[in-house]
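Colleague: This is the content of run.tsv (TSV, C-alpha atoms and all ligand atoms):
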chain	number	residue	atom	x	y	z
F	1	MET	CA	39.71	16.74	12.49
F	2	THR	CA	38.14	18.42	9.47
F	3	GLU	CA	40.32	18.95	6.42
F	4	ALA	CA	37.88	21.20	4.61
F	5	GLY	CA	40.43	23.95	4.16
F	6	ASN	CA	42.70	21.87	1.99
F	7	LYS	CA	41.66	22.62	-1.58
F	8	ASP	CA	44.30	20.34	-3.12
F	9	GLU	CA	42.80	17.20	-1.70
F	10	SER	CA	40.77	15.11	-4.12
F	11	PHE	CA	37.25	13.97	-3.39
F	12	SER	CA	38.45	10.41	-2.93
F	13	ASP	CA	41.09	11.52	-0.37
F	14	ARG	CA	38.41	13.33	1.59
F	15	LEU	CA	36.10	10.34	1.31
F	16	LYS	CA	38.82	8.06	2.68
F	17	ASN	CA	39.16	10.36	5.66
F	18	VAL	CA	35.40	10.49	6.28
F	19	GLU	CA	35.15	6.70	5.84
F	20	ALA	CA	37.90	6.19	8.42
F	21	ARG	CA	35.99	8.39	10.86
F	22	ILE	CA	32.74	6.48	10.24
F	23	HIS	CA	34.52	3.15	10.69
F	24	ALA	CA	36.16	4.25	13.94
F	25	ALA	CA	32.87	5.55	15.35
F	26	CYS	CA	31.05	2.33	14.38
F	27	LYS	CA	33.76	0.31	16.05
F	28	ARG	CA	33.60	2.35	19.27
F	29	ALA	CA	29.82	1.95	19.32
F	30	GLY	CA	29.91	-1.78	18.53
F	31	ARG	CA	27.95	-1.18	15.33
F	32	ALA	CA	28.40	-2.58	11.84
F	33	ARG	CA	29.64	-0.14	9.20
F	34	ASP	CA	26.68	-1.17	7.02
F	35	ASP	CA	24.24	0.22	9.60
F	36	VAL	CA	25.30	3.75	8.70
F	37	ASN	CA	24.50	5.33	5.33
F	38	LEU	CA	26.45	8.28	4.00
F	39	VAL	CA	24.67	11.09	2.14
F	40	ALA	CA	27.15	13.36	0.39
F	41	VAL	CA	25.60	16.82	0.54
F	42	SER	CA	26.53	18.52	-2.73
F	43	LYS	CA	24.75	21.86	-2.29
F	44	GLY	CA	26.83	24.70	-3.66
F	45	HIS	CA	28.87	22.37	-5.89
F	46	GLY	CA	28.43	21.73	-9.60
F	47	PRO	CA	27.97	18.63	-11.77
F	48	GLU	CA	31.73	18.15	-12.17
F	49	ARG	CA	32.21	17.67	-8.43
F	50	ILE	CA	29.18	15.39	-8.35
F	51	ARG	CA	30.78	13.21	-11.04
F	52	GLU	CA	33.93	13.01	-8.90
F	53	ALA	CA	31.78	11.86	-6.00
F	54	ALA	CA	30.06	9.25	-8.18
F	55	ASN	CA	33.41	8.02	-9.48
F	56	ALA	CA	34.64	7.64	-5.89
F	57	GLY	CA	31.69	5.34	-5.18
F	58	ILE	CA	29.16	7.70	-3.60
F	59	ILE	CA	25.55	6.58	-4.21
F	60	PHE	CA	23.47	8.92	-2.04
F	61	LEU	CA	23.62	12.64	-2.79
F	62	GLY	CA	21.93	15.32	-0.73
F	63	GLU	CA	20.63	18.73	-1.78
F	64	SER	CA	18.97	21.36	0.35
F	65	LYS	CA	17.10	23.34	-2.33
F	66	VAL	CA	14.70	22.05	-4.97
F	67	GLN	CA	15.64	24.83	-7.39
F	68	GLU	CA	19.32	23.91	-7.29
F	69	ALA	CA	18.55	20.20	-7.54
F	70	ARG	CA	16.38	20.76	-10.62
F	71	ALA	CA	19.35	22.27	-12.40
F	72	LYS	CA	21.94	19.71	-11.29
F	73	ILE	CA	20.26	16.31	-11.17
F	74	PRO	CA	19.57	16.03	-14.93
F	75	GLU	CA	23.30	16.72	-15.54
F	76	SER	CA	24.44	14.08	-13.05
F	77	PRO	CA	25.03	10.33	-13.43
F	78	GLY	CA	21.70	8.54	-13.58
F	79	HIS	CA	22.40	5.89	-10.96
F	80	LEU	CA	22.77	8.41	-8.12
F	81	ARG	CA	20.02	8.46	-5.49
F	82	TRP	CA	19.01	11.90	-4.30
F	83	HIS	CA	17.86	12.96	-0.85
F	84	LEU	CA	16.38	16.34	0.00
F	85	VAL	CA	17.84	17.47	3.31
F	86	GLY	CA	16.66	21.11	3.42
F	87	HIS	CA	13.32	22.79	4.05
F	88	LEU	CA	10.64	22.09	1.44
F	89	GLN	CA	7.85	24.50	0.53
F	90	THR	CA	4.58	22.86	-0.45
F	91	ASN	CA	4.58	24.63	-3.83
F	92	LYS	CA	7.81	22.77	-4.75
F	93	VAL	CA	6.52	19.32	-3.84
F	94	LYS	CA	5.49	18.60	-7.43
F	95	PHE	CA	9.16	18.86	-8.47
F	96	ALA	CA	10.60	17.19	-5.38
F	97	VAL	CA	8.69	13.93	-5.88
F	98	HIS	CA	10.35	13.46	-9.28
F	99	LEU	CA	13.85	14.43	-8.16
F	100	PHE	CA	14.26	12.73	-4.79
F	101	GLU	CA	13.71	9.27	-3.33
F	102	ALA	CA	13.74	10.60	0.23
F	103	ILE	CA	12.98	13.81	2.12
F	104	HIS	CA	14.74	14.26	5.48
F	105	SER	CA	13.01	17.50	6.40
F	106	VAL	CA	9.24	17.00	6.73
F	107	ASP	CA	8.25	19.62	9.27
F	108	SER	CA	4.47	20.07	9.06
F	109	LEU	CA	1.28	18.08	8.62
F	110	LYS	CA	0.46	20.22	5.59
F	111	LEU	CA	3.75	19.23	3.95
F	112	LEU	CA	3.27	15.56	4.84
F	113	ASN	CA	-0.14	15.56	3.15
F	114	ALA	CA	1.18	17.50	0.14
F	115	VAL	CA	4.03	15.03	-0.37
F	116	ASN	CA	1.64	12.09	-0.17
F	117	GLN	CA	-0.59	13.72	-2.79
F	118	GLY	CA	2.35	14.63	-5.02
F	119	ALA	CA	3.76	11.12	-4.76
F	120	GLU	CA	0.40	9.66	-5.76
F	121	VAL	CA	0.26	11.85	-8.86
F	122	ALA	CA	3.88	10.97	-9.74
F	123	GLY	CA	3.27	7.26	-9.13
F	124	VAL	CA	6.06	6.94	-6.57
F	125	THR	CA	6.46	6.16	-2.87
F	126	MET	CA	8.54	8.75	-1.04
F	127	GLN	CA	10.69	7.84	1.95
F	128	LEU	CA	10.22	10.46	4.62
F	129	PHE	CA	11.91	11.54	7.82
F	130	LEU	CA	10.23	13.90	10.26
F	131	GLU	CA	12.55	16.75	11.19
F	132	VAL	CA	12.37	17.24	14.94
F	133	ASN	CA	13.70	20.32	16.68
F	134	VAL	CA	14.81	18.70	19.92
F	135	SER	CA	16.78	21.66	21.24
F	136	GLY	CA	13.90	24.15	21.22
F	137	GLU	CA	16.12	26.62	19.34
F	138	VAL	CA	13.74	29.22	17.86
F	139	SER	CA	15.44	29.94	14.55
F	140	LYS	CA	15.18	26.38	13.23
F	141	PHE	CA	12.77	24.51	11.06
F	142	GLY	CA	11.48	21.29	12.49
F	143	LEU	CA	8.58	19.97	14.51
F	144	THR	CA	8.43	20.31	18.26
F	145	PRO	CA	8.27	16.88	19.91
F	146	GLU	CA	4.69	17.73	20.91
F	147	GLN	CA	3.66	18.08	17.25
F	148	VAL	CA	5.03	14.73	16.12
F	149	PRO	CA	2.33	12.27	17.31
F	150	GLU	CA	-0.29	13.92	15.06
F	151	LEU	CA	1.92	13.35	12.01
F	152	LEU	CA	2.68	9.76	13.01
F	153	GLU	CA	-1.06	9.15	13.30
F	154	ALA	CA	-1.75	10.75	9.92
F	155	SER	CA	1.03	8.83	8.19
F	156	THR	CA	-0.66	5.50	8.85
F	157	ARG	CA	-3.45	6.58	6.48
F	158	LEU	CA	-1.18	7.89	3.71
F	159	MET	CA	-0.47	5.31	1.02
F	160	HIS	CA	2.24	7.05	-1.01
F	161	VAL	CA	4.76	7.85	1.68
F	162	ASP	CA	6.88	5.59	3.82
F	163	LEU	CA	7.74	7.26	7.13
F	164	VAL	CA	11.13	5.69	7.77
F	165	GLY	CA	12.42	7.75	10.68
F	166	LEU	CA	13.46	11.04	12.23
F	167	MET	CA	16.01	13.75	11.51
F	168	THR	CA	17.48	16.51	13.63
F	169	ILE	CA	19.97	19.36	13.29
F	170	PRO	CA	21.40	20.36	16.67
F	171	PRO	CA	22.46	23.99	17.26
F	172	PHE	CA	25.97	24.50	15.89
F	173	THR	CA	28.72	24.38	18.50
F	174	GLU	CA	32.47	24.10	18.02
F	175	ASP	CA	32.58	21.15	20.39
F	176	PRO	CA	30.76	18.16	18.83
F	177	GLU	CA	30.27	16.66	22.30
F	178	LYS	CA	27.70	19.40	22.90
F	179	ALA	CA	25.53	17.82	20.19
F	180	ARG	CA	25.42	14.48	22.01
F	181	PRO	CA	22.43	15.25	24.31
F	182	HIS	CA	20.37	16.32	21.27
F	183	PHE	CA	21.15	13.08	19.43
F	184	GLN	CA	20.36	11.08	22.57
F	185	ARG	CA	17.06	12.90	22.88
F	186	LEU	CA	16.06	12.15	19.28
F	187	ARG	CA	16.77	8.48	19.81
F	188	ALA	CA	14.83	8.40	23.10
F	189	LEU	CA	11.86	10.10	21.43
F	190	ARG	CA	12.05	7.56	18.61
F	191	ASP	CA	11.99	4.68	21.08
F	192	GLN	CA	8.99	6.17	22.81
F	193	TRP	CA	7.04	6.88	19.59
F	194	ARG	CA	7.88	3.44	18.26
F	195	ALA	CA	6.44	1.88	21.42
F	196	ASP	CA	3.37	4.16	21.30
F	197	THR	CA	2.50	3.70	17.62
F	198	GLY	CA	4.13	0.50	16.39
F	199	ILE	CA	5.72	2.47	13.53
F	200	PRO	CA	9.32	1.17	13.44
F	201	LEU	CA	11.00	4.54	12.67
F	202	ASP	CA	14.22	2.60	12.08
F	203	GLU	CA	16.15	5.47	10.51
F	204	LEU	CA	17.83	8.29	12.42
F	205	SER	CA	19.26	11.02	10.18
F	206	MET	CA	21.71	12.90	12.38
F	207	GLY	CA	25.32	14.00	12.19
F	208	MET	CA	27.11	16.33	9.75
F	209	SER	CA	30.76	17.03	8.98
F	210	HIS	CA	31.85	18.11	12.43
F	211	ASP	CA	29.74	15.83	14.63
F	212	LEU	CA	29.24	12.61	12.66
F	213	GLU	CA	31.19	10.49	15.16
F	214	VAL	CA	29.01	11.54	18.08
F	215	ALA	CA	25.87	10.96	16.00
F	216	ILE	CA	26.98	7.44	15.03
F	217	GLU	CA	27.79	6.64	18.65
F	218	GLU	CA	24.22	7.71	19.50
F	219	GLY	CA	22.57	5.60	16.80
F	220	ALA	CA	22.58	7.56	13.52
F	221	THR	CA	21.73	5.43	10.48
F	222	TRP	CA	22.20	8.33	8.03
F	223	VAL	CA	24.92	10.94	8.29
F	224	ARG	CA	24.72	13.97	5.98
F	225	VAL	CA	28.20	15.20	5.11
F	226	GLY	CA	28.92	18.22	2.92
F	227	THR	CA	32.00	20.24	3.79
F	228	ASP	CA	34.31	17.39	4.75
F	229	LEU	CA	33.64	15.64	1.40
F	230	PHE	CA	33.31	18.51	-1.07
F	231	GLY	CA	35.37	21.18	0.68
F	232	THR	CA	34.11	24.59	1.73
F	233	ARG	CA	31.12	26.04	-0.09
F	301	LIG	C1	24.45	21.54	4.40
F	301	LIG	C2	23.76	20.49	5.19
F	301	LIG	C3	24.46	19.37	5.65
F	301	LIG	C4	25.95	19.19	5.46
F	301	LIG	O1	26.61	20.05	6.32
F	301	LIG	P1	28.21	20.06	6.46
F	301	LIG	O2	28.45	20.72	7.77
F	301	LIG	O3	28.73	20.82	5.31
F	301	LIG	O4	28.65	18.64	6.47
F	301	LIG	C5	23.74	18.42	6.34
F	301	LIG	N1	22.42	18.54	6.58
F	301	LIG	C6	21.72	19.61	6.16
F	301	LIG	C7	20.26	19.70	6.46
F	301	LIG	C8	22.36	20.62	5.45
F	301	LIG	O5	21.66	21.69	5.04
Using structure tokens, write down the structure from this file.
Ligand SMILES: *Cc1c(COP(=O)(O)O)cnc(C)c1O

Modeller:
Amino acid sequence: MTEAGNKDESFSDRLKNVEARIHAACKRAGRARDDVNLVAVSKGHGPERIREAANAGIIFLGESKVQEARAKIPESPGHLRWHLVGHLQTNKVKFAVHLFEAIHSVDSLKLLNAVNQGAEVAGVTMQLFLEVNVSGEVSKFGLTPEQVPELLEASTRLMHVDLVGLMTIPPFTEDPEKARPHFQRLRALRDQWRADTGIPLDELSMGMSHDLEVAIEEGATWVRVGTDLFGTR
């Protein structure tokens, strides 16, 4: 399924392949292709590869580290829209609010408040996803489901962030089917929190190179794809 090993393939060949997979998954799930946004995760790849991605029609780029993004974004085409998908330390928020339009990885109340404050100073509104650790795996960032209601509550009083949805990273397994219960759980939690709070939480950021089909079948509105677009890091 993944063609990451093939170094001769161009970005646009890889994109065609990923697009075909997204289309097929949308079709199986009875969803419109437009319901699913693709973030091309460019971590580990330089400005030249990012230009290839832009030339192939990619709009949303993802980075996992602020430091790396600070070096690359100024060298990249100006129309690209950048999403932070990796863990953010509060001391980097002041940079992140200028670099990114969205953060997929908000994992504490402290960070939520810091981003709101940073966004106010920068004069922007940040789109935020709460990262939820639905599997209970210890080594991961992310909020436990029990921690989430407090952040939902707080977000209603924060004027410089727009809490658009939830994100999760399931434990890695060879078999993408094993990720399905985690994606189902995130969606069920979303439905419950939406009913409890009235916050729409329309966006579900879930699915990466190897499990994007399963994620789309379970309701993903953002898939974050690195390896299968850019090749191995
Ligand atoms: C690296 C990364 C991705 C992309 O992963 P691939 O398996 O290379 O597609 C997606 N989301 C996050 C949070 C990442 O750090």

Colleague: Within 7 Å of ligand LIG 301 (chain F), which residues show up when you count all atoms listed in the file? List them as a list in words, please.

Modeller: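 Every residue with an atom at most 7 Å from ligand LIG 301 (chain F) is listed here: Val41, Lys43, Ser64, Val85, Gly86, Ile169, Met208, Ser209, His210, Arg224, Val225, Gly226, Thr227 and Asp228 of chain F.
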
Colleague: Using all atoms listed in the file, pick whichever of F:Asp191, F:Thr232, F:Thr221, F:Phe141 has the shortest atom-to-atom distance to F:Cys26.

Modeller: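 Result for the nearest residue to F:Cys26: F:Thr221.
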
Colleague: Find the residue from F:Ala53, F:Thr90, F:Met159, F:Gly62 that sits nearest to F:Ala119; use all atoms listed in the file when measuring.

Modeller: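 The shortest atom-to-atom distance to F:Ala119 comes from F:Met159.
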
Colleague: So which residues touch stretch 101-107 of chain F within 7 Å, counting only C-alpha atoms, skipping near sequence neighbours fewer than 3 positions away, as an MDAnalysis selection string?

Modeller: chainID F and resid 81:87 111:112 126:131 141:143 167

Colleague: For F:Val39, which residue among F:Pro145, F:Gly207, F:Pro77, F:Gly231 is the nearest when counting all atoms listed in the file?

Modeller: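 Closest candidate: F:Gly207.
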
Colleague: Using only C-alpha atoms, which of F:Asn17, F:Thr144, F:Ser76, F:Gln184 sits nearest F:His45?

Modeller: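 Looking only at the distances to F:His45, the closest residue turns out to be F:Ser76.
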
Colleague: Report the distance between atom CA of F:Gln67 and atom CA of F:Ala54 in Å, rounded to one decimal place.

Modeller: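 Spanning atom CA of F:Gln67 to atom CA of F:Ala54 is a straight-line distance of 21.2 Å.
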
Colleague: Closest to F:Pro170 among F:Asn133, F:Gln192, F:Gln89, F:Gln147, using all atoms listed in the file?

Modeller: F:Asn133

Colleague: Identify the residues within 8 Å of coordinate (22.4, 2.2, 9.4) (same frame as the file), considering all atoms listed in the file, and give the answer as a PyMOL selection string.

Modeller: chain F and resi 33-37+203+220-222

Colleague: I want to know what sits within 10 Å of F:Lys27, based on all atoms listed in the file, with residues of the same chain fewer than 5 positions away left out; could you give that as a list in words?

Modeller: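 Here the answer would be Arg21, Ile22, Ala32, Arg33, Ile216 and Glu217 of chain F.
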
Colleague: Which of these residues is nearest to F:Val97, using all atoms listed in the file: F:Leu204, F:Ala215, F:Val121, F:Val164?

Modeller: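 Using all atoms listed in the file, F:Val97 sits closest to F:Val121.
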
Colleague: Between atom CA of F:Lys16 and atom CA of F:Asp202, what is the distance in Å, rounded to a tenth?

Modeller: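 Pair atom CA of F:Lys16 / atom CA of F:Asp202 returns 26.9 Å.
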
Colleague: Do you have the atom CA of F:Pro47-atom CA of F:Glu75 distance handy?

Modeller: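 Atom CA of F:Glu75 lies at a distance of 6.3 Å from atom CA of F:Pro47.
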
Colleague: Any idea what's packed within 9 Å of stretch 152-158 of chain F, counting only C-alpha atoms, ignoring anything in its chain fewer than 5 positions away? Could you give it as a PyMOL selection string?

Modeller: chain F and resi 109+112-113+116-117+163+193+197+199

Colleague: So that I can see what lies close to F:Pro181, please list as a short mmCIF file (atom, residue, chain, number, x, y, z; two decimals) with C-alpha atoms, keeping the file's coordinate frame the residues with an atom at most 10 Å from it, counting all atoms listed in the file and leaving out residues fewer than 4 positions away in the same chain.

Modeller:
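Writing the result to part-v6.cif gives the following:
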data_model
loop_
_atom_site.label_atom_id
_atom_site.label_comp_id
_atom_site.auth_asym_id
_atom_site.auth_seq_id
_atom_site.Cartn_x
_atom_site.Cartn_y
_atom_site.Cartn_z
CA VAL F 134 14.81 18.70 19.92
CA SER F 135 16.78 21.66 21.24
CA PRO F 170 21.40 20.36 16.67
CA GLU F 177 30.27 16.66 22.30
CA ARG F 185 17.06 12.90 22.88
CA LEU F 186 16.06 12.15 19.28
CA ARG F 187 16.77 8.48 19.81
CA VAL F 214 29.01 11.54 18.08
CA ALA F 215 25.87 10.96 16.00
CA GLU F 218 24.22 7.71 19.50
#
